[in-house]
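Contents: one structure, followed by commentary.
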Amino acid sequence: MDFDFSDDQKFLQTEARKFLEGRCPVSVVRKVLNDPAKTHDADLWNAVAEQGWLGAAIPEAHGGLGLGRLELCVIAEELGRSLAPIPFASTVYFVAEAIMMAGSEAQKAQWLPKIASGDVIGCFATVERPGPLTDAQISASVNGGKLSGAKLPVTDGDIATLAVVLAKEAGRMGLYLVDLTAGGVTRENVSTIDPTRSVAKLTFSGANADRLGDAGEGMALADAVLNRAAVLLAFEQVGGADRALELARDYALERYAFGRPIGSYQAIKHKLADAYIKNQLARSNAYYGAWALDVDAPELPVAAAAARVSACEAYWYASKESIQTHGGMGFTWEVDCHLYYRRAHQLGLVAGGAKAWKERLVTQLERRNAA
Amino acid sequence: MDFNDTPEEAAYRAQVRAWLAANAPGGVQGDDEDPNNMAAAKAWQAKKADAGYACITWRKDWGGPGGAPWQSVIFAQEEADIPTPGNPFSIGLGMCVPTIMTSGNEADKVRFVKPAMRGEEIWCQLFSEPSGGSDVAAARTRAVRDGDEWVINGQKVWTSGAHYSDFGLLLARTDPDVPKHKGLTMYWIDMHDPAVECRPIHQMSGASNFNEVYFTNLRIKDSQRVGPVGDGWKVSLVTLMNERMSIGGGGGGDYRPVMKLAQELSTLVGPAVKDAALREKIAEWFVQAEGLKYTRFRAQTALSRGQVPGPENSIGKVVGATLMQDMAQAAMDMEDQFGIINDPKHAPLAAAFQAAVMGAPGMRIAGGTDEILRNIIAERVLGLPGDVRLDKDVAFKDIPSGR
């Protein structure tokens, strides 16, 4: 039994934490939050690219570090913990994973090196309407290699140069690579609950679309990408949830009411103990997801869904109760609690919400039991 | 990250499996309270002890096998997969005897360790009292010195297995004039002494696993003292620490029975599992049950690496007990009117959910209530301050007491 990260992976995590404490203090996050014109922190993006993190899981032949998904997981935890305002998840967990999973050699050679170097920012464009992703809600279509239709919300769609788009071609669903610098696309900025992670509406009118994987496999591929992203996002969520709990704990130790620290009252202690419990359950489920992702186990759909459901619950609880523990101060713009509360929602919805993932999970369990 | 055993672990597991296959009692799986169970349990314990599979981590100089914690975990996992008699030894072997090994005198170690390990002698833990369940240090049972002897009077409660125990580890008050934590002393006593009376407690579940234990002028020798006079609280912490360090197989909610029922039971919308509200619940139970399992794997990994498991291990019972209660309640609701029936002949899954619903309230209290366990997590893991203690610097005799 070796159900933990290796010493090397833990070292990488420690280094990542130090790096982000230096390069991504909350002041960096707040700059993006407070400036509507600022979509992300470009300096941090470049610094992260220099660290090689964008290509951590990309093979060396394609310009990456050729490490595994486990290394990506520990980096993800630290990015989540530091609320990094960069398009890392869109580019790495969604687009790079999609290309590595379904791309041809030519597609890999064309895009992966540019992703690893930070020259390409990616976005994953699937849904078009409120509600969970289904076949029925997709009207974007491809004809003769040209894509038309609109996608909303597309996280990082305002700054991305490469999109992976779900669309129908002759009635069959496919995933398509779209070079957003090649024309045929207009972008409309959309305000969001977490301004540190931007969103756009992308409208395609005859954009060049290069199919990723087989025709008709679009939904299955999108599902597989979501499973992979769910595990990596779970680590970001666990990192954020732990930090939100730490802030609450620290405040409960220094804030006095009725002559004693509020952290000595059981109403606060039990709330924070519950946050700790949820965070630990989420971490354990995320570890299982990491294992399944790393070895591409048949259990990945169950493991990914469990990691996501558990992480959504943990971050939601920790972030809302961190505000509650801070009292009135927690409701102010100046105190950082709302940054975690915003990010908890952003991460909790970006790959599909917990409700939809619970359904995915039980569907998988039914199949497992029927088999 | 790898779920597979290391070669060393795999070799040990294979050895354990082979031994269990050749030696397991087979077909015997009784309750602690089943009179036929006791003989089978004792025979099985002796067999394990003789083969070096009982109390695997106990040190050799005290008669233990001197094995590693990871071996103990592997054995527990493998043993959990086969039918074995109910285990009346866990409190003695998990808590009482380790306390003797840590705080007792040499003669007691020689006298008690081996017979306990072989299941020849059973121990119970006499800590809780009517005046103090969560507040163990509020114990009122008095021990008064009389020459080379102590005279014990008082009452303990919630004592699991007292009625079949041979010995008990007793926390008693020796000095009521000092603050409560300072006036306690630990002893071992002979449960067969006529001055000790056990009265079974009839639990809401219908079973009687616990007892009230009364001491009326019980005389014991000073050599039965475990640790110095006035050090009883410190000694008890060692006992409780042993309880919390114990990890291993089983425990803490299994989603599979409720999933099975949901797939088999038909409703207006087809199998119950097609109900959207229930599906959402199943997903939530699953991530808790699996989260607990993987949390145990993390602790096991720490042991495999020769490290001490982290504090995340402390979440087990507080999650598992409520999880069990919630799943059982929902399963009975799913059974609808049949949920009332606890006759195993008629109720689905031999009335397992009905038994769980009636047992779960006890699980949420025994071995630290949900509330006390949350305090422990808040204080020992998160570093939050203890609650204000009105009785801290007050002589025990002056502490106000309610019912």
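Letters A, B, ... mark the chains of the structure tokens in the order given; residue numbers begin at 1 per chain; ligand numbers begin at 1, in order shown.
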
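For chain B, the residues having at least one atom no farther than 7 Å from chain A, when counting only C-alpha atoms, are Met1, Asp2, Phe3, Asn4, Asp5, Thr6, Arg279, Glu280, Ala283, Val287, Gln288, Gly291, Leu292, Tyr294, Thr295, Phe297, Arg298, Thr301, Ser304, Glu312, Ile315, Arg374, Asn375, Ile377, Ala378, Leu384, Pro385, Gly386 and Asp387 of chain B.
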
> Residues at most 9 Å from Val178 of chain A, counting only C-alpha atoms, excluding those fewer than 6 positions away in the same chain, as JSON, numbers by chain?
Replying inline: {"A": [147, 161, 162, 163, 164, 165, 207, 208, 209, 210, 211]}

> A:Gly157, A:Pro36, A:Pro25, A:Gly353: which is nearest Ser90 of chain A, counting only C-alpha atoms?
Replying inline: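 Looking only at the distances to Ser90 of chain A, the closest residue turns out to be A:Gly157.
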
>> Set the distance at 6 Å and use only C-alpha atoms: which residues neighbour Ala140 of chain A once local chain neighbours fewer than 4 positions away are removed? I'd like the list as a ChimeraX atom specification.
In response: /A:148-149,167

>> One number please: atom CA of Ala162 of chain B to atom CA of Val235 of chain B, in Å, one decimal.
In response: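 Atom CA of Val235 of chain B lies 20.5 Å from atom CA of Ala162 of chain B.
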
>> List as a ChimeraX atom specification the protein and nucleic acid residues near Leu126 of chain B, meaning an atom at most 8 Å away when only C-alpha atoms are counted, but skip any in the same chain fewer than 4 places from it.
In response: /B:156-157,159,168-171

> Quick one: residues within 7 Å of segment 332-339 of chain B, only C-alpha atoms counted, chain neighbours fewer than 4 positions away excluded, as a list in words?
Replying inline: Ala328, Ala347 and Phe353 of chain B

Polymer residues at most 7 Å from Ala172 of chain B, only C-alpha atoms, same-chain spacing of 4 or more positions, as an mmCIF file with N, CA and C atoms, in the first residue's frame:
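Produced file selection37.cif, reproduced below:
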```
data_model
loop_
_atom_site.group_PDB
_atom_site.id
_atom_site.type_symbol
_atom_site.label_atom_id
_atom_site.label_comp_id
_atom_site.auth_asym_id
_atom_site.auth_seq_id
_atom_site.Cartn_x
_atom_site.Cartn_y
_atom_site.Cartn_z
ATOM 1 N N ALA B 139 -14.933 11.415 37.639
ATOM 2 C CA ALA B 139 -15.229 10.165 38.327
ATOM 3 C C ALA B 139 -15.315 10.362 39.850
ATOM 4 N N ARG B 140 -16.327 9.731 40.443
ATOM 5 C CA ARG B 140 -16.537 9.869 41.893
ATOM 6 C C ARG B 140 -16.225 8.585 42.665
ATOM 7 N N THR B 141 -16.110 7.475 41.983
ATOM 8 C CA THR B 141 -15.817 6.216 42.683
ATOM 9 C C THR B 141 -14.576 6.427 43.556
ATOM 10 N N ARG B 142 -14.731 6.117 44.844
ATOM 11 C CA ARG B 142 -13.673 6.451 45.795
ATOM 12 C C ARG B 142 -12.768 5.257 46.062
ATOM 13 N N ALA B 143 -11.469 5.549 46.152
ATOM 14 C CA ALA B 143 -10.519 4.552 46.640
ATOM 15 C C ALA B 143 -9.862 5.155 47.880
ATOM 16 N N LEU B 184 -6.955 11.513 40.869
ATOM 17 C CA LEU B 184 -7.385 10.195 40.375
ATOM 18 C C LEU B 184 -6.220 9.207 40.383
ATOM 19 N N THR B 185 -6.549 7.918 40.577
ATOM 20 C CA THR B 185 -5.516 6.872 40.544
ATOM 21 C C THR B 185 -6.089 5.671 39.786
ATOM 22 N N MET B 186 -5.198 4.966 39.091
ATOM 23 C CA MET B 186 -5.631 3.811 38.281
ATOM 24 C C MET B 186 -5.283 2.503 39.010
#
```

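Distances to Ser322 of chain A were evaluated for A:Lys18, A:His345, A:Arg243, A:Lys151 using only C-alpha atoms, and the minimum falls at A:Arg243.
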